$ cat structure.txt   # compact mmCIF, C-alpha atoms
# COMPACT_ATOMS: atom_id res chain seq x y z
CA MET M 661 10.91 -11.29 14.39
CA MET M 662 10.96 -13.24 11.14
CA ALA M 663 8.23 -12.81 8.52
CA ARG M 664 6.18 -15.95 7.90
CA ALA M 665 4.96 -16.49 4.32
CA ASN M 666 1.35 -17.48 3.74
CA SER M 667 -1.45 -17.02 1.22
CA VAL M 668 -5.21 -16.89 0.86
CA THR M 669 -7.37 -17.97 -2.09
CA TYR M 670 -10.04 -15.65 -3.42
CA LEU M 671 -12.63 -15.86 -6.18
CA LEU M 672 -12.68 -13.04 -8.74
CA GLY M 673 -15.05 -13.48 -11.67
CA THR M 674 -14.81 -17.09 -12.84
CA LYS M 675 -11.37 -17.93 -11.46
CA PHE M 676 -9.75 -18.52 -8.08
CA HIS M 677 -6.48 -16.71 -7.45
CA LYS M 678 -3.82 -16.72 -4.74
CA MET M 679 -2.96 -13.60 -2.75
CA ALA M 680 0.32 -13.92 -0.87
CA TYR M 681 1.03 -12.27 2.46
CA VAL M 682 3.60 -12.26 5.23
CA GLU M 683 2.72 -12.19 8.90
CA PHE M 684 4.52 -11.24 12.08
CA GLY M 685 3.78 -11.76 15.76
CA ASN M 686 1.45 -14.03 17.70
CA PRO M 687 -1.63 -15.11 15.67
CA ALA M 688 -3.65 -14.92 18.90
CA ALA M 689 -2.82 -11.23 19.35
CA PRO M 690 -5.00 -8.37 18.02
CA ALA M 691 -4.72 -8.17 14.23
CA VAL M 692 -3.28 -5.34 12.14
CA LEU M 693 -3.63 -5.49 8.34
CA CYS M 694 -1.11 -3.38 6.36
CA VAL M 695 -1.96 -2.71 2.70
CA HIS M 696 0.57 -1.12 0.34
CA GLY M 697 0.40 1.41 -2.49
CA LEU M 698 -0.04 1.06 -6.25
CA THR M 699 3.34 -0.30 -7.36
CA ARG M 700 4.61 -1.60 -4.05
CA ASN M 701 4.26 -4.84 -2.05
CA GLY M 702 3.71 -6.06 1.50
CA ARG M 703 7.39 -6.15 2.39
CA ASP M 704 7.41 -2.34 2.49
CA PHE M 705 5.90 -2.71 5.96
CA ASP M 706 8.64 -4.95 7.43
CA PRO M 707 10.07 -2.26 9.79
CA LEU M 708 6.60 -1.23 11.01
CA ALA M 709 5.45 -4.85 11.33
CA GLU M 710 8.53 -5.83 13.31
CA ALA M 711 7.99 -2.87 15.64
CA LEU M 712 4.36 -3.87 16.21
CA SER M 713 4.90 -7.63 16.45
CA ASP M 714 5.44 -7.66 20.22
CA ARG M 715 1.78 -6.64 20.71
CA PHE M 716 0.00 -7.43 17.46
CA HIS M 717 -0.49 -10.06 14.78
CA VAL M 718 0.56 -8.08 11.70
CA ILE M 719 -0.51 -9.26 8.23
CA CYS M 720 0.97 -7.64 5.09
CA PRO M 721 -0.50 -8.85 1.76
CA ASP M 722 0.79 -8.38 -1.78
CA LEU M 723 -2.18 -7.02 -3.71
CA PRO M 724 -3.17 -8.92 -6.88
CA GLY M 725 -0.52 -8.51 -9.56
CA ARG M 726 2.19 -7.55 -7.07
CA GLY M 727 4.95 -9.41 -5.28
CA LYS M 728 4.22 -13.10 -4.88
CA SER M 729 0.49 -12.82 -5.61
CA ASP M 730 -1.07 -14.13 -8.82
CA TRP M 731 -1.32 -11.82 -11.80
CA LEU M 732 -4.79 -11.22 -13.32
CA ALA M 733 -5.51 -12.24 -16.91
CA ASP M 734 -7.69 -9.19 -17.57
CA PRO M 735 -5.69 -6.02 -16.84
CA MET M 736 -8.90 -4.00 -16.48
CA GLU M 737 -9.53 -5.94 -13.26
CA TYR M 738 -6.62 -4.07 -11.67
CA GLN M 739 -9.04 -1.75 -9.87
CA PRO M 740 -9.79 -1.06 -6.19
CA ALA M 741 -13.04 -3.08 -6.33
CA SER M 742 -11.07 -6.20 -7.29
CA TYR M 743 -8.52 -5.62 -4.57
CA VAL M 744 -11.29 -5.26 -1.98
CA VAL M 745 -12.69 -8.64 -3.09
CA ALA M 746 -9.29 -10.24 -2.45
CA LEU M 747 -8.84 -8.39 0.84
CA ALA M 748 -12.34 -9.38 1.99
CA HIS M 749 -11.31 -13.03 1.63
CA LEU M 750 -8.24 -12.28 3.73
CA LEU M 751 -10.36 -10.54 6.36
CA ALA M 752 -12.62 -13.62 6.47
CA ALA M 753 -9.57 -15.86 6.88
CA ILE M 754 -8.28 -13.70 9.74
CA GLY M 755 -11.68 -14.10 11.32
CA LYS M 756 -11.49 -11.38 13.98
CA PRO M 757 -11.55 -7.58 14.25
CA VAL M 758 -8.60 -5.83 12.60
CA ALA M 759 -6.92 -2.46 12.59
CA TRP M 760 -6.06 -1.31 9.05
CA VAL M 761 -2.93 0.53 7.92
CA GLY M 762 -3.26 1.62 4.29
CA THR M 763 -0.76 3.52 2.16
CA SER M 764 -2.27 5.36 -0.82
CA LEU M 765 -4.15 2.65 -2.80
CA GLY M 766 -4.14 0.53 0.37
CA GLY M 767 -5.93 3.37 2.11
CA ILE M 768 -8.54 3.64 -0.65
CA CYS M 769 -9.25 -0.07 -0.20
CA GLY M 770 -9.39 0.50 3.56
CA MET M 771 -11.94 3.29 3.23
CA MET M 772 -14.11 1.08 1.01
CA ALA M 773 -13.97 -1.78 3.53
CA ALA M 774 -14.43 0.49 6.56
CA ALA M 775 -17.51 2.14 5.06
CA ALA M 776 -19.27 -1.20 4.58
CA ALA M 777 -21.93 -2.38 7.02
CA ASN M 778 -20.69 -4.87 9.65
CA THR M 779 -17.07 -4.07 8.83
CA PRO M 780 -14.50 -5.97 10.93
CA ILE M 781 -12.24 -2.89 10.85
CA THR M 782 -11.96 -1.22 14.26
CA ARG M 783 -9.58 1.66 13.51
CA MET M 784 -7.62 2.86 10.51
CA VAL M 785 -4.33 4.54 9.64
CA LEU M 786 -4.52 6.33 6.29
CA ASN M 787 -1.03 7.02 4.97
CA ASP M 788 -1.07 10.03 2.64
CA ILE M 789 -4.49 9.34 1.21
CA GLY M 790 -7.83 10.99 1.81
CA PRO M 791 -11.28 11.50 0.34
CA HIS M 792 -9.99 13.89 -2.35
CA ILE M 793 -7.27 12.98 -4.87
CA PRO M 794 -6.13 15.69 -7.31
CA ALA M 795 -5.88 14.83 -10.99
CA GLU M 796 -2.34 16.21 -11.24
CA ALA M 797 -1.06 13.69 -8.68
CA LEU M 798 -2.71 10.82 -10.55
CA LYS M 799 -1.13 12.05 -13.79
CA ARG M 800 2.32 12.15 -12.17
CA ILE M 801 1.94 8.57 -10.92
CA ARG M 802 0.66 7.35 -14.29
CA ASP M 803 3.52 9.04 -16.14
CA TYR M 804 6.32 7.58 -14.02
CA MET M 805 4.80 4.11 -14.42
CA VAL M 806 4.44 4.43 -18.20
CA GLU M 807 8.00 5.77 -18.53
CA ALA M 808 9.65 3.24 -16.18
CA PRO M 809 12.34 1.01 -17.72
CA GLU M 810 11.20 -2.55 -18.39
CA ARG M 811 14.53 -4.10 -17.33
CA PHE M 812 17.41 -3.31 -14.99
CA VAL M 813 20.84 -4.86 -15.37
CA SER M 814 21.23 -5.22 -11.61
CA ILE M 815 19.42 -4.70 -8.33
CA ALA M 816 21.69 -1.71 -7.78
CA ALA M 817 20.33 -0.15 -10.99
CA LEU M 818 16.78 -0.87 -9.84
CA GLU M 819 17.55 0.71 -6.45
CA ALA M 820 18.86 3.84 -8.18
CA HIS M 821 15.54 4.06 -10.05
CA LEU M 822 13.58 3.68 -6.80
CA ARG M 823 15.61 6.43 -5.15
CA VAL M 824 14.48 8.81 -7.91
CA ILE M 825 10.81 7.94 -8.35
CA HIS M 826 10.22 7.32 -4.64
CA ALA M 827 12.29 10.19 -3.27
CA PRO M 828 9.06 11.48 -1.63
CA PHE M 829 9.13 8.40 0.67
CA GLY M 830 11.36 10.55 2.88
CA ARG M 831 14.80 10.24 4.42
CA LEU M 832 15.60 6.54 4.15
CA SER M 833 18.86 4.92 5.13
CA ASP M 834 20.98 3.01 2.61
CA ALA M 835 19.83 -0.20 4.33
CA GLN M 836 16.18 0.78 3.93
CA TRP M 837 16.60 1.59 0.21
CA ALA M 838 18.39 -1.75 -0.22
CA HIS M 839 15.48 -3.50 1.51
CA LEU M 840 12.95 -1.87 -0.81
CA ALA M 841 15.05 -2.74 -3.86
CA ARG M 842 15.48 -6.36 -2.80
CA PHE M 843 11.75 -6.94 -2.59
CA SER M 844 10.98 -4.75 -5.61
CA ALA M 845 13.12 -6.91 -7.93
CA ARG M 846 11.81 -9.77 -10.06
CA PRO M 847 14.43 -11.86 -11.91
CA VAL M 848 13.89 -11.92 -15.69
CA LEU M 849 15.92 -12.41 -18.88
CA ASP M 850 16.84 -9.50 -21.14
CA GLN M 851 16.70 -9.58 -24.94
CA THR M 852 20.03 -11.40 -25.13
CA GLY M 853 18.99 -14.07 -22.65
CA ALA M 854 21.18 -12.64 -19.91
CA GLY M 855 19.92 -12.26 -16.37
CA ALA M 856 18.21 -8.99 -15.48
CA PHE M 857 15.57 -7.61 -13.10
CA ALA M 858 12.14 -6.07 -13.52
CA MET M 859 9.86 -4.41 -11.02
CA HIS M 860 7.98 -6.98 -8.95
CA TYR M 861 4.53 -6.32 -10.37
CA ASP M 862 2.57 -7.12 -13.50
CA PRO M 863 3.35 -4.29 -15.97
CA LYS M 864 -0.33 -4.34 -16.91
CA ILE M 865 -1.44 -2.89 -13.57
CA ILE M 866 -1.12 0.51 -15.29
CA GLU M 867 -3.66 -0.36 -18.03
CA PRO M 868 -6.78 1.04 -16.29
CA MET M 869 -4.94 4.37 -15.90
CA ARG M 870 -3.02 4.44 -19.19
CA SER M 871 -5.68 5.83 -21.52
CA ALA M 872 -7.95 7.47 -18.95
CA VAL M 873 -7.91 11.23 -18.61
CA PRO M 874 -6.95 11.90 -14.98
CA LEU M 875 -9.75 13.60 -13.07
CA ASP M 876 -10.06 14.70 -9.47
CA VAL M 877 -11.38 11.83 -7.34
CA ASP M 878 -14.07 12.75 -4.80
CA MET M 879 -14.66 10.12 -2.09
CA TRP M 880 -16.25 12.41 0.52
CA PRO M 881 -19.58 10.49 0.40
CA LEU M 882 -17.61 7.31 1.21
CA TRP M 883 -15.74 9.12 3.98
CA GLU M 884 -19.03 10.15 5.61
CA LEU M 885 -19.91 6.46 6.07
CA ILE M 886 -16.78 5.68 8.10
CA LYS M 887 -17.59 5.57 11.81
CA LEU M 888 -14.32 4.53 13.44
CA PRO M 889 -11.13 6.18 14.72
CA VAL M 890 -8.80 7.36 11.96
CA LEU M 891 -5.16 8.47 12.06
CA ALA M 892 -4.30 10.52 8.98
CA VAL M 893 -0.57 10.52 8.15
CA ARG M 894 0.58 13.16 5.65
CA GLY M 895 3.88 13.80 3.95
CA ALA M 896 4.62 17.49 4.47
CA GLN M 897 5.22 18.00 0.73
CA SER M 898 2.51 15.63 -0.52
CA ASP M 899 0.88 16.45 -3.85
CA LEU M 900 -1.78 13.77 -3.33
CA LEU M 901 -3.10 14.43 0.19
CA LEU M 902 -3.43 18.19 -0.04
CA GLU M 903 -3.25 20.36 3.07
CA GLU M 904 -6.89 21.43 2.76
CA THR M 905 -8.06 17.81 2.48
CA TYR M 906 -5.94 16.83 5.48
CA GLN M 907 -7.31 19.72 7.58
CA ARG M 908 -10.90 18.81 6.71
CA MET M 909 -10.23 15.19 7.76
CA LEU M 910 -8.85 16.42 11.09
CA ALA M 911 -11.81 18.74 11.62
CA GLU M 912 -14.27 15.90 11.10
CA VAL M 913 -12.95 12.75 12.81
CA ALA M 914 -9.28 12.09 12.29
CA GLN M 915 -6.18 12.43 14.39
CA GLY M 916 -3.17 13.60 12.43
CA HIS M 917 0.57 13.20 12.01
CA VAL M 918 2.77 15.04 9.50
CA VAL M 919 6.04 13.48 8.32
CA ALA M 920 8.61 16.18 7.60
CA ASP M 921 10.87 15.80 4.56
CA ALA M 922 8.39 13.46 2.85
CA GLY M 923 5.84 13.76 0.07
CA HIS M 924 3.66 11.00 -1.33
CA ALA M 925 3.88 8.73 0.49
CA PRO M 926 5.88 8.47 3.72
CA ALA M 927 7.63 5.09 3.94
CA LEU M 928 6.50 4.54 7.58
CA MET M 929 10.05 3.47 8.38
CA ASP M 930 11.10 6.32 10.69
CA ALA M 931 11.01 5.78 14.44
CA GLU M 932 8.77 8.79 15.17
CA THR M 933 5.99 7.75 12.78
CA ILE M 934 6.17 4.12 13.90
CA GLU M 935 5.76 5.26 17.51
CA VAL M 936 2.76 7.45 16.59
CA ILE M 937 1.12 4.47 14.86
CA ARG M 938 1.86 2.20 17.85
CA GLY M 939 0.22 4.70 20.15
CA PHE M 940 -2.84 5.07 17.92
CA LEU M 941 -3.31 1.31 17.63
CA GLY M 942 -3.19 1.09 21.40
$ encode --input "structure.txt" --output "structure tokens"
Amino acid sequence: MMARANSVTYLLGTKFHKMAYVEFGNPAAPAVLCVHGLTRNGRDFDPLAEALSDRFHVICPDLPGRGKSDWLADPMEYQPASYVVALAHLLAAIGKPVAWVGTSLGGICGMMAAAAANTPITRMVLNDIGPHIPAEALKRIRDYMVEAPERFVSIAALEAHLRVIHAPFGRLSDAQWAHLARFSARPVLDQTGAGAFAMHYDPKIIEPMRSAVPLDVDMWPLWELIKLPVLAVRGAQSDLLLEETYQRMLAEVAQGHVVADAGHAPALMDAETIEVIRGFLG
């Protein structure tokens, strides 16, 4: 099933912007919205979307500042509230109930949208994210972003970088790493004017985190407002969705699935996890 490119326009502040997305499956089928993590893009979900496309209309956006979506002039707008504005426009364009699959930041946005009155979200998969985020995990993410090279001489060099910083994604095949690298690469020129590659996001997405002192994030009051079925996916070695947070989620409302040999955050590319998600989405 081929991905179809599309976009939606949203108003943020005093300017309209474009948010790009790809979609799979029959637009008349039940909708599934897949929202990626902090430095990633919608093409991370290609294997999951293809596996779901026989039964669902799967929509995978690039959040503002990522992939093919417009960058924001004010880097301090790179915050979950801004992303939810953009995603709300997409939900309005979809115009029907949706199931939400959110990885990390995409799950935070999902919780915010699911907690709202009259939400169109019917059920939600939270991939390695929960109502408590430890400061140490946020510091680790901030540090690898600040220290990331600005340029790579080749896509192979960029892939090697991804294999290090995203090793917690789990056991990926060479083809899967190559897929991630292909869609993570943005052609640029180096200082000599020669061709090079940069990560496919606005480097300024880190600005809201750069100078802030990482603190534990407590979203339990938001969690209490969510009244729909939840599947919590956890990487067995995750430093972001801690075991005690995961167990509390299961005790309250969520179903659970642990991905062995993964940390933060499972890539959702393995057959077992895809089948668990298919079953949950019904």
$ residues_near_point --input "structure.txt" --point "(-7.8, 0.4, -0.8)" --cutoff "12 Å" --atoms "only C-alpha atoms" --output "VMD selection string"
chain M and resid 693 to 698 723 738 to 748 760 to 775 784 to 787 789 to 791 879
$ residues_near_point --input "structure.txt" --point "(4.2, 13.3, 3.5)" --cutoff "6 Å" --atoms "all atoms listed in the file" --output "VMD selection string"
chain M and resid 894 to 898 919 922 to 926
$ closest_residue --input "structure.txt" --among "M:Trp731, M:Phe829, M:Tyr804, M:Tyr906" --to "M:His860" --atoms "only C-alpha atoms"
M:Trp731
$ closest_residue --input "structure.txt" --among "M:Leu941, M:Ala680, M:Val668, M:Val806" --to "M:Glu867" --atoms "all atoms listed in the file"
M:Val806
$ closest_atom_pairs --input "structure.txt" --of "stretch 737-854 of chain M" --to "stretch 685-689 of chain M" --cutoff "12 Å" --atoms "all atoms listed in the file" --output "CSV"
residue,atom,partner,partner_atom,distance
M:Ala753,CA,M:Pro687,CA,11.9
M:Ile754,CA,M:Pro687,CA,9.0
M:Gly755,CA,M:Pro687,CA,11.0
M:Lys756,CA,M:Ala688,CA,9.9
M:Pro757,CA,M:Ala689,CA,10.7
M:Val758,CA,M:Ala689,CA,10.4
M:Ala759,CA,M:Ala689,CA,11.8
$ atom_distance --input "structure.txt" --atom1 "atom CA of M:Gly916" --atom2 "atom CA of M:Gly942"
15.4 Å
$ residues_around --input "structure.txt" --residues "M:Ser667" --least-positions-apart "3" --cutoff "12 Å" --atoms "only C-alpha atoms" --output "ChimeraX atom specification"
/M:664,670,677-683,719-724,727-730,746-747,749-750,753-754
$ atom_distance --input "structure.txt" --atom1 "atom CA of M:Pro881" --atom2 "atom CA of M:Pro868"
23.1 Å
$ atom_distance --input "structure.txt" --atom1 "atom CA of M:Arg703" --atom2 "atom CA of M:Ala663"
9.1 Å
$ closest_residue --input "structure.txt" --among "M:His839, M:His792, M:Lys675, M:Arg715" --to "M:Glu904" --atoms "only C-alpha atoms"
M:His792
$ residues_around --input "structure.txt" --residues "M:Asp930" --least-positions-apart "6" --cutoff "9 Å" --atoms "all atoms listed in the file" --output "VMD selection string"
chain M and resid 707 to 708 830 to 832
$ residues_around --input "structure.txt" --residues "M:Ala776" --least-positions-apart "4" --cutoff "10 Å" --atoms "all atoms listed in the file" --output "ChimeraX atom specification"
/M:771-772,780-781,882,885-886
$ residues_around --input "structure.txt" --residues "M:Glu810" --least-positions-apart "3" --cutoff "9 Å" --atoms "only C-alpha atoms" --output "PyMOL selection string"
chain M and resi 807+857-859+863
$ axis_aligned_box --input "structure.txt" --around "stretch 820-826 of chain M" --padding-each-side "8 Å" --output "AutoDock Vina command-line options"
--center_x 14.5 --center_y 6.2 --center_z -7.3 --size_x 24.6 --size_y 21.1 --size_z 21.4
$ residues_around --input "structure.txt" --residues "M:Lys799" --least-positions-apart "4" --cutoff "12 Å" --atoms "only C-alpha atoms" --output "MDAnalysis selection string"
chainID M and resid 793:795 803:806 866 869:876 899:900
$ closest_residue --input "structure.txt" --among "M:Gln851, M:Leu928, M:Gln915, M:Ser833" --to "M:Ala709" --atoms "all atoms listed in the file"
M:Leu928
